[in-house]
$ cat work-v2.txt   # compact mmCIF, C-alpha atoms
# COMPACT_ATOMS: atom_id res chain seq x y z
CA MET A 21 73.67 -49.98 101.59
CA SER A 22 71.76 -46.89 100.37
CA ARG A 23 68.33 -46.15 101.72
CA ARG A 24 66.66 -46.78 98.34
CA SER A 25 68.39 -50.13 97.84
CA GLY A 26 67.30 -51.12 101.34
CA ILE A 27 63.69 -50.29 100.46
CA LEU A 28 63.96 -52.32 97.25
CA GLU A 29 65.31 -55.36 99.13
CA PHE A 30 62.48 -55.05 101.64
CA ALA A 31 59.86 -54.90 98.87
CA VAL A 32 61.38 -57.83 96.96
CA LEU A 33 61.40 -60.02 100.07
CA GLY A 34 57.83 -59.04 100.84
CA LEU A 35 56.53 -59.88 97.37
CA LEU A 36 58.41 -63.18 97.25
CA ARG A 37 56.97 -64.11 100.61
CA GLU A 38 53.59 -64.19 98.85
CA SER A 39 54.82 -66.49 96.06
CA PRO A 40 57.95 -67.29 94.01
CA MET A 41 58.38 -65.15 90.87
CA HIS A 42 60.76 -64.70 87.99
CA GLY A 43 62.43 -61.38 87.38
CA TYR A 44 59.96 -60.00 84.82
CA GLU A 45 56.95 -60.80 86.99
CA LEU A 46 58.66 -59.36 90.05
CA ARG A 47 59.50 -56.12 88.24
CA LYS A 48 55.90 -55.86 87.03
CA ARG A 49 54.55 -56.29 90.56
CA LEU A 50 56.97 -53.68 91.89
CA ASN A 51 55.80 -51.25 89.20
CA THR A 52 52.07 -51.84 89.58
CA SER A 53 51.67 -52.60 93.28
CA LEU A 54 54.31 -50.26 94.66
CA GLY A 55 54.32 -46.97 92.81
CA ILE A 56 57.59 -45.89 94.38
CA PHE A 57 59.40 -48.27 91.99
CA ARG A 58 57.85 -47.08 88.73
CA ALA A 59 61.10 -45.65 87.42
CA PHE A 60 63.57 -48.40 88.31
CA SER A 61 65.08 -50.79 85.77
CA TYR A 62 66.32 -54.36 85.45
CA GLY A 63 69.78 -52.94 85.99
CA THR A 64 68.66 -52.07 89.51
CA LEU A 65 66.58 -55.17 90.23
CA TYR A 66 68.99 -57.95 89.25
CA PRO A 67 71.95 -56.77 91.38
CA CYS A 68 69.49 -56.62 94.28
CA LEU A 69 68.36 -60.20 93.58
CA LYS A 70 71.95 -61.41 93.35
CA THR A 71 72.72 -59.80 96.70
CA LEU A 72 69.73 -61.47 98.33
CA VAL A 73 70.76 -64.84 96.87
CA ALA A 74 74.33 -64.35 98.13
CA ASN A 75 72.99 -63.58 101.61
CA GLY A 76 71.00 -66.82 101.60
CA TRP A 77 67.63 -65.10 101.67
CA LEU A 78 66.62 -66.22 98.17
CA ILE A 79 67.33 -69.24 96.01
CA GLU A 80 67.25 -69.48 92.22
CA GLU A 81 65.26 -72.26 90.55
CA PRO A 82 64.58 -73.11 86.90
CA GLY A 83 61.26 -71.54 86.06
CA SER A 84 60.11 -73.59 83.05
CA ALA A 85 59.58 -77.18 82.03
CA PRO A 86 62.72 -79.09 80.91
CA GLU A 87 61.69 -79.11 77.26
CA GLU A 88 61.11 -75.35 77.35
CA ALA A 89 64.49 -74.82 78.99
CA LEU A 90 66.11 -76.94 76.26
CA ALA A 91 64.33 -74.97 73.53
CA ALA A 92 65.52 -71.70 75.09
CA SER A 93 69.07 -73.04 75.19
CA LEU A 94 68.99 -74.15 71.55
CA ALA A 95 67.59 -70.77 70.53
CA GLY A 96 70.33 -68.98 72.43
CA ARG A 97 67.90 -67.53 74.92
CA ARG A 98 68.42 -67.48 78.65
CA ALA A 99 66.03 -69.76 80.56
CA LYS A 100 63.82 -67.98 83.07
CA ILE A 101 64.95 -68.09 86.68
CA VAL A 102 62.40 -68.18 89.48
CA TYR A 103 63.32 -66.64 92.82
CA ARG A 104 62.03 -68.27 95.98
CA LEU A 105 62.24 -67.00 99.56
CA THR A 106 64.24 -69.22 101.91
CA ALA A 107 63.47 -69.83 105.58
CA ASP A 108 66.28 -67.43 106.49
CA GLY A 109 64.83 -64.90 104.07
CA LYS A 110 61.42 -65.18 105.69
CA ASP A 111 62.95 -64.66 109.14
CA HIS A 112 64.90 -61.66 107.86
CA PHE A 113 61.78 -60.09 106.32
CA GLU A 114 59.82 -60.58 109.53
CA GLU A 115 62.64 -58.89 111.41
CA LEU A 116 62.48 -55.95 108.98
CA LEU A 117 58.71 -55.76 109.47
CA SER A 118 59.21 -55.29 113.20
CA HIS A 119 61.45 -52.22 112.77
CA THR A 120 59.72 -48.94 113.58
CA GLY A 121 62.55 -46.40 113.55
CA PRO A 122 62.53 -43.00 111.81
CA ASP A 123 63.35 -44.51 108.41
CA ALA A 124 59.92 -46.18 108.42
CA TRP A 125 58.27 -42.74 108.59
CA GLU A 126 59.96 -41.24 105.55
CA ASP A 127 58.10 -40.92 102.25
CA GLU A 128 59.42 -43.85 100.20
CA HIS A 129 60.00 -46.23 103.08
CA PHE A 130 56.58 -45.55 104.58
CA ALA A 131 54.87 -46.34 101.27
CA ALA A 132 56.71 -49.67 101.09
CA ARG A 133 55.93 -50.46 104.73
CA PHE A 134 52.26 -49.61 104.25
CA ALA A 135 52.04 -51.95 101.24
CA PHE A 136 52.86 -54.86 103.58
CA PHE A 137 50.73 -53.82 106.55
CA GLY A 138 48.64 -56.95 105.99
CA GLN A 139 51.69 -58.97 107.11
CA THR A 140 52.59 -56.61 109.95
CA GLU A 141 51.58 -56.95 113.60
CA ARG A 142 49.02 -54.48 114.87
CA GLU A 143 51.29 -52.83 117.46
CA VAL A 144 53.98 -52.29 114.83
CA ARG A 145 51.43 -50.78 112.44
CA MET A 146 50.37 -48.37 115.16
CA ARG A 147 53.93 -47.25 115.86
CA VAL A 148 54.65 -46.71 112.16
CA LEU A 149 51.41 -44.77 111.61
CA GLU A 150 51.92 -42.60 114.67
CA GLY A 151 55.55 -41.95 113.72
CA ARG A 152 54.53 -40.98 110.19
CA ARG A 153 51.85 -38.64 111.53
CA SER A 154 54.34 -37.00 113.90
CA ARG A 155 56.82 -36.51 111.05
CA LEU A 156 54.18 -34.90 108.83
CA GLU A 157 52.95 -32.64 111.61
CA GLU A 158 56.52 -31.38 112.05
CA ARG A 159 56.77 -30.85 108.29
CA LEU A 160 53.46 -28.99 108.24
CA GLU A 161 54.52 -26.69 111.06
CA LYS A 162 57.72 -25.79 109.19
CA MET A 163 55.79 -25.18 105.96
CA ARG A 164 53.37 -22.82 107.72
CA ALA A 165 56.20 -20.93 109.37
CA SER A 166 58.05 -20.61 106.06
CA LEU A 167 54.93 -19.40 104.28
CA ALA A 168 54.27 -16.80 106.96
CA ARG A 169 57.81 -15.43 106.57
CA THR A 170 57.86 -15.32 102.77
CA ARG A 171 54.22 -14.68 101.83
CA GLU A 172 54.80 -11.03 100.91
CA ARG A 173 57.70 -11.91 98.58
CA LEU A 174 55.89 -14.66 96.64
CA ASP A 175 53.96 -14.17 93.42
CA ASP A 176 50.46 -15.62 93.13
CA TYR A 177 51.52 -18.84 91.43
CA THR A 178 54.33 -19.66 93.84
CA LEU A 179 52.00 -18.89 96.73
CA GLU A 180 49.39 -21.24 95.30
CA LEU A 181 52.01 -23.97 94.91
CA GLN A 182 52.97 -23.57 98.56
CA ARG A 183 49.33 -23.81 99.60
CA HIS A 184 48.87 -26.91 97.47
CA GLY A 185 51.81 -28.58 99.19
CA MET A 186 50.41 -27.75 102.61
CA GLU A 187 46.98 -29.07 101.68
CA SER A 188 48.53 -32.34 100.49
CA VAL A 189 50.26 -32.82 103.84
CA GLU A 190 47.08 -31.88 105.73
CA ARG A 191 45.10 -34.48 103.76
CA GLU A 192 47.60 -37.19 104.58
CA VAL A 193 47.51 -36.25 108.28
CA ARG A 194 43.70 -36.60 108.24
CA TRP A 195 44.02 -39.96 106.47
CA LEU A 196 46.53 -41.15 109.07
CA ASN A 197 44.21 -40.00 111.86
CA GLU A 198 41.45 -42.20 110.41
CA LEU A 199 43.76 -45.20 110.13
CA ILE A 200 45.03 -44.76 113.69
CA GLU A 201 41.51 -44.45 115.06
CA SER A 202 40.49 -47.60 113.18
CA GLU A 203 43.51 -49.51 114.47
CA ARG A 204 42.66 -48.46 118.03
CA ALA A 205 39.02 -49.41 117.57
CA GLY A 206 40.02 -52.84 116.29
CA ARG A 207 42.44 -53.33 119.19
CA ASP A 208 39.82 -52.29 121.75
CA GLN A 209 37.30 -54.61 120.15
CA MET A 210 39.71 -57.54 120.42
CA ARG A 211 40.39 -56.74 124.08
CA SER A 212 36.71 -56.47 125.00
CA GLY A 213 35.77 -59.67 123.19
CA PRO A 214 32.72 -60.36 120.98
CA ARG A 215 29.81 -57.97 121.27
CA GLU A 216 26.14 -58.26 120.41
CA PRO A 217 25.23 -57.66 116.74
CA ALA A 218 23.37 -54.46 117.67
CA GLU A 219 26.55 -53.11 119.24
CA ARG A 220 28.69 -54.05 116.27
CA GLU A 221 26.37 -52.41 113.76
CA GLY A 222 27.86 -49.22 112.44
CA THR A 223 31.35 -49.95 113.75
CA SER A 224 33.94 -48.26 111.55
CA GLY A 225 36.93 -50.38 112.56
CA ALA A 226 37.42 -53.70 110.80
CA ALA A 227 38.88 -56.67 112.64
CA ASP A 228 42.26 -56.03 111.08
CA GLY A 229 42.21 -52.35 111.99
CA LEU A 230 41.56 -50.96 108.50
CA PRO A 231 38.68 -48.52 108.00
CA ARG A 232 35.54 -50.17 106.71
CA HIS A 233 33.39 -47.85 104.63
CA ARG A 234 30.08 -48.85 103.13
CA ASP A 235 28.22 -47.00 100.39
CA ASP A 236 30.88 -44.41 99.70
CA ALA A 237 33.70 -46.89 99.13
CA SER A 238 35.26 -47.09 95.72
CA PRO A 239 36.24 -50.48 94.15
CA GLY A 240 39.82 -49.90 95.27
CA GLY A 241 38.76 -49.51 98.90
CA THR A 242 39.45 -45.75 99.21
CA PRO A 243 36.32 -43.63 99.64
CA PRO A 244 35.84 -40.85 97.06
CA GLY A 245 37.26 -37.57 98.22
CA ARG A 246 39.71 -39.19 100.62
CA PRO A 247 43.38 -39.66 99.76
CA GLY A 248 44.82 -43.14 99.46
CA PRO A 249 48.33 -44.13 100.53
CA PRO A 250 50.93 -41.49 99.68
CA ASP A 251 52.68 -41.80 96.32
CA PRO A 252 56.25 -40.55 96.87
CA SER A 253 56.97 -40.95 93.16
CA ALA A 254 54.97 -37.75 92.63
CA GLY A 255 57.73 -35.81 94.41
CA PRO A 256 58.05 -34.32 97.88
CA THR A 257 55.21 -32.23 99.21
CA THR A 258 57.64 -29.67 100.53

$ encode --input "work-v2.txt" --output "structure tokens"
Amino acid sequence: MSRRSGILEFAVLGLLRESPMHGYELRKRLNTSLGIFRAFSYGTLYPCLKTLVANGWLIEEPGSAPEEALAASLAGRRAKIVYRLTADGKDHFEELLSHTGPDAWEDEHFAARFAFFGQTEREVRMRVLEGRRSRLEERLEKMRASLARTRERLDDYTLELQRHGMESVEREVRWLNELIESERAGRDQMRSGPREPAEREGTSGAADGLPRHRDDASPGGTPPGRPGPPDPSAGPTT
């Protein structure tokens, strides 16, 4: 199994854990909710669904009323199929959620993992975030060393592109630092138990570990001027 197909299977299982969907709806959710799948096609999705069905992790069900299915048949159209997660599929997805190896820190896989952090245990979230930060710090160190070696040979535009890439990585490291601090604050709050309202006032860590911003928060939950989750579809920062 290729890395990208593995990410797609993970994302499909995660979305179907929320609710059953037919193929068109599933593709739409993958495109809109998970930007890393903007460029994939039905020719990629349906083989993935068939594999998941064959493994026993999904089942296919008729997705329309009997009369609608009959009308589709008479018109020569294919009736819609709804895909539903099985108990084995749920167990398999939860097992995937618990994995925190190096693959979970890479660009595309991290974006998919982050999209399902709401279903992920706190300790696993911490390991993934810290692993991602470590990976980016290594990348940033290499970028700085490369720039120092080649600065004199680069024209102004190439040099600016290199700086832009470094700034993008630096922004994501700062964003990860905020998330990690919030996760730790939430964990410490759970360990210490309830506190008085005066003590809780101004706390930046929400109960689930996500940062909680007030007046500067945008409708999407990301404060202006701060980067949201990385979008690997925009290309590597290196």

$ atom_distance --input "work-v2.txt" --atom1 "atom CA of A:Gln182" --atom2 "atom CA of A:Ser166"
9.5 Å

$ residues_around --input "work-v2.txt" --residues "A:Arg37" --least-positions-apart "4" --cutoff "8 Å" --atoms "all atoms listed in the file" --output "list in words"
Leu33, Leu105 and Lys110 of chain A

$ write_last_selection --input "work-v2.txt" --atoms "C-alpha atoms" --output "short mmCIF file (atom, residue, chain, number, x, y, z; two decimals), keeping the file's coordinate frame"
data_model
loop_
_atom_site.label_atom_id
_atom_site.label_comp_id
_atom_site.auth_asym_id
_atom_site.auth_seq_id
_atom_site.Cartn_x
_atom_site.Cartn_y
_atom_site.Cartn_z
CA LEU A 33 61.40 -60.02 100.07
CA LEU A 105 62.24 -67.00 99.56
CA LYS A 110 61.42 -65.18 105.69
#

$ atom_distance --input "work-v2.txt" --atom1 "atom CA of A:Met41" --atom2 "atom CA of A:Ile101"
8.3 Å

$ residues_around --input "work-v2.txt" --residues "A:Leu116" --least-positions-apart "2" --cutoff "12 Å" --atoms "all atoms listed in the file" --output "JSON, numbers by chain"
{"A": [26, 27, 29, 30, 31, 33, 34, 109, 110, 111, 112, 113, 114, 118, 119, 120, 121, 123, 124, 129, 132, 133, 136, 139, 140, 141, 144]}

$ closest_residue --input "work-v2.txt" --among "A:Gly138, A:Asn75, A:Val148, A:Glu80" --to "A:Asp108" --atoms "all atoms listed in the file"
A:Asn75

$ residues_around --input "work-v2.txt" --residues "A:Lys162" --least-positions-apart "4" --cutoff "12 Å" --atoms "only C-alpha atoms" --output "PyMOL selection string"
chain A and resi 155-158+166-169+182+185-186+189+258

$ atom_distance --input "work-v2.txt" --atom1 "atom CA of A:Ala107" --atom2 "atom CA of A:Lys70"
17.1 Å

$ closest_residue --input "work-v2.txt" --among "A:Leu54, A:Tyr103, A:Tyr177, A:Glu81" --to "A:Phe130" --atoms "all atoms listed in the file"
A:Leu54

$ build_atoms --input "work-v2.txt" --residues "stretch 156-176 of chain A" --atoms "N, CA, C and O atoms" --output "PDB file, in the frame of the given file"
ATOM      1  N   LEU A 156      54.906 -35.816 109.704  1.00  0.00           N
ATOM      2  CA  LEU A 156      54.180 -34.900 108.830  1.00  0.00           C
ATOM      3  C   LEU A 156      53.714 -33.667 109.576  1.00  0.00           C
ATOM      4  O   LEU A 156      53.670 -32.569 109.000  1.00  0.00           O
ATOM      5  N   GLU A 157      53.345 -33.807 110.830  1.00  0.00           N
ATOM      6  CA  GLU A 157      52.950 -32.640 111.610  1.00  0.00           C
ATOM      7  C   GLU A 157      54.120 -31.680 111.785  1.00  0.00           C
ATOM      8  O   GLU A 157      53.944 -30.457 111.732  1.00  0.00           O
ATOM      9  N   GLU A 158      55.322 -32.225 111.979  1.00  0.00           N
ATOM     10  CA  GLU A 158      56.520 -31.380 112.050  1.00  0.00           C
ATOM     11  C   GLU A 158      56.751 -30.679 110.711  1.00  0.00           C
ATOM     12  O   GLU A 158      57.082 -29.487 110.667  1.00  0.00           O
ATOM     13  N   ARG A 159      56.585 -31.433 109.621  1.00  0.00           N
ATOM     14  CA  ARG A 159      56.770 -30.850 108.290  1.00  0.00           C
ATOM     15  C   ARG A 159      55.752 -29.747 108.043  1.00  0.00           C
ATOM     16  O   ARG A 159      56.081 -28.683 107.495  1.00  0.00           O
ATOM     17  N   LEU A 160      54.516 -29.980 108.454  1.00  0.00           N
ATOM     18  CA  LEU A 160      53.460 -28.990 108.240  1.00  0.00           C
ATOM     19  C   LEU A 160      53.728 -27.718 109.034  1.00  0.00           C
ATOM     20  O   LEU A 160      53.512 -26.604 108.525  1.00  0.00           O
ATOM     21  N   GLU A 161      54.208 -27.858 110.245  1.00  0.00           N
ATOM     22  CA  GLU A 161      54.520 -26.690 111.060  1.00  0.00           C
ATOM     23  C   GLU A 161      55.620 -25.848 110.402  1.00  0.00           C
ATOM     24  O   GLU A 161      55.546 -24.606 110.376  1.00  0.00           O
ATOM     25  N   LYS A 162      56.640 -26.514 109.865  1.00  0.00           N
ATOM     26  CA  LYS A 162      57.720 -25.790 109.190  1.00  0.00           C
ATOM     27  C   LYS A 162      57.210 -25.104 107.925  1.00  0.00           C
ATOM     28  O   LYS A 162      57.627 -23.972 107.609  1.00  0.00           O
ATOM     29  N   MET A 163      56.327 -25.770 107.183  1.00  0.00           N
ATOM     30  CA  MET A 163      55.790 -25.180 105.960  1.00  0.00           C
ATOM     31  C   MET A 163      54.975 -23.930 106.275  1.00  0.00           C
ATOM     32  O   MET A 163      55.066 -22.919 105.572  1.00  0.00           O
ATOM     33  N   ARG A 164      54.180 -23.985 107.329  1.00  0.00           N
ATOM     34  CA  ARG A 164      53.370 -22.820 107.720  1.00  0.00           C
ATOM     35  C   ARG A 164      54.252 -21.665 108.154  1.00  0.00           C
ATOM     36  O   ARG A 164      53.994 -20.509 107.800  1.00  0.00           O
ATOM     37  N   ALA A 165      55.299 -21.984 108.928  1.00  0.00           N
ATOM     38  CA  ALA A 165      56.200 -20.930 109.370  1.00  0.00           C
ATOM     39  C   ALA A 165      56.925 -20.297 108.195  1.00  0.00           C
ATOM     40  O   ALA A 165      57.091 -19.069 108.123  1.00  0.00           O
ATOM     41  N   SER A 166      57.357 -21.126 107.240  1.00  0.00           N
ATOM     42  CA  SER A 166      58.050 -20.610 106.060  1.00  0.00           C
ATOM     43  C   SER A 166      57.126 -19.742 105.222  1.00  0.00           C
ATOM     44  O   SER A 166      57.530 -18.680 104.731  1.00  0.00           O
ATOM     45  N   LEU A 167      55.878 -20.175 105.068  1.00  0.00           N
ATOM     46  CA  LEU A 167      54.930 -19.400 104.280  1.00  0.00           C
ATOM     47  C   LEU A 167      54.640 -18.060 104.933  1.00  0.00           C
ATOM     48  O   LEU A 167      54.519 -17.033 104.249  1.00  0.00           O
ATOM     49  N   ALA A 168      54.533 -18.055 106.256  1.00  0.00           N
ATOM     50  CA  ALA A 168      54.270 -16.800 106.960  1.00  0.00           C
ATOM     51  C   ALA A 168      55.410 -15.811 106.779  1.00  0.00           C
ATOM     52  O   ALA A 168      55.192 -14.592 106.672  1.00  0.00           O
ATOM     53  N   ARG A 169      56.644 -16.308 106.712  1.00  0.00           N
ATOM     54  CA  ARG A 169      57.810 -15.430 106.570  1.00  0.00           C
ATOM     55  C   ARG A 169      57.952 -14.882 105.148  1.00  0.00           C
ATOM     56  O   ARG A 169      58.418 -13.761 104.945  1.00  0.00           O
ATOM     57  N   THR A 170      57.569 -15.686 104.164  1.00  0.00           N
ATOM     58  CA  THR A 170      57.860 -15.320 102.770  1.00  0.00           C
ATOM     59  C   THR A 170      56.628 -14.923 101.970  1.00  0.00           C
ATOM     60  O   THR A 170      56.755 -14.614 100.783  1.00  0.00           O
ATOM     61  N   ARG A 171      55.458 -14.929 102.573  1.00  0.00           N
ATOM     62  CA  ARG A 171      54.220 -14.680 101.830  1.00  0.00           C
ATOM     63  C   ARG A 171      54.295 -13.389 100.997  1.00  0.00           C
ATOM     64  O   ARG A 171      53.878 -13.361  99.826  1.00  0.00           O
ATOM     65  N   GLU A 172      54.793 -12.317 101.595  1.00  0.00           N
ATOM     66  CA  GLU A 172      54.800 -11.030 100.910  1.00  0.00           C
ATOM     67  C   GLU A 172      55.746 -11.013  99.715  1.00  0.00           C
ATOM     68  O   GLU A 172      55.592 -10.183  98.811  1.00  0.00           O
ATOM     69  N   ARG A 173      56.716 -11.917  99.678  1.00  0.00           N
ATOM     70  CA  ARG A 173      57.700 -11.910  98.580  1.00  0.00           C
ATOM     71  C   ARG A 173      57.342 -12.887  97.464  1.00  0.00           C
ATOM     72  O   ARG A 173      58.049 -12.963  96.465  1.00  0.00           O
ATOM     73  N   LEU A 174      56.258 -13.637  97.625  1.00  0.00           N
ATOM     74  CA  LEU A 174      55.890 -14.660  96.640  1.00  0.00           C
ATOM     75  C   LEU A 174      54.865 -14.120  95.655  1.00  0.00           C
ATOM     76  O   LEU A 174      53.950 -13.381  96.028  1.00  0.00           O
ATOM     77  N   ASP A 175      55.009 -14.513  94.378  1.00  0.00           N
ATOM     78  CA  ASP A 175      53.960 -14.170  93.420  1.00  0.00           C
ATOM     79  C   ASP A 175      52.789 -15.127  93.604  1.00  0.00           C
ATOM     80  O   ASP A 175      52.856 -16.097  94.363  1.00  0.00           O
ATOM     81  N   ASP A 176      51.699 -14.856  92.908  1.00  0.00           N
ATOM     82  CA  ASP A 176      50.460 -15.620  93.130  1.00  0.00           C
ATOM     83  C   ASP A 176      50.627 -17.101  92.855  1.00  0.00           C
ATOM     84  O   ASP A 176      50.091 -17.949  93.570  1.00  0.00           O
TER      85      ASP A 176
END
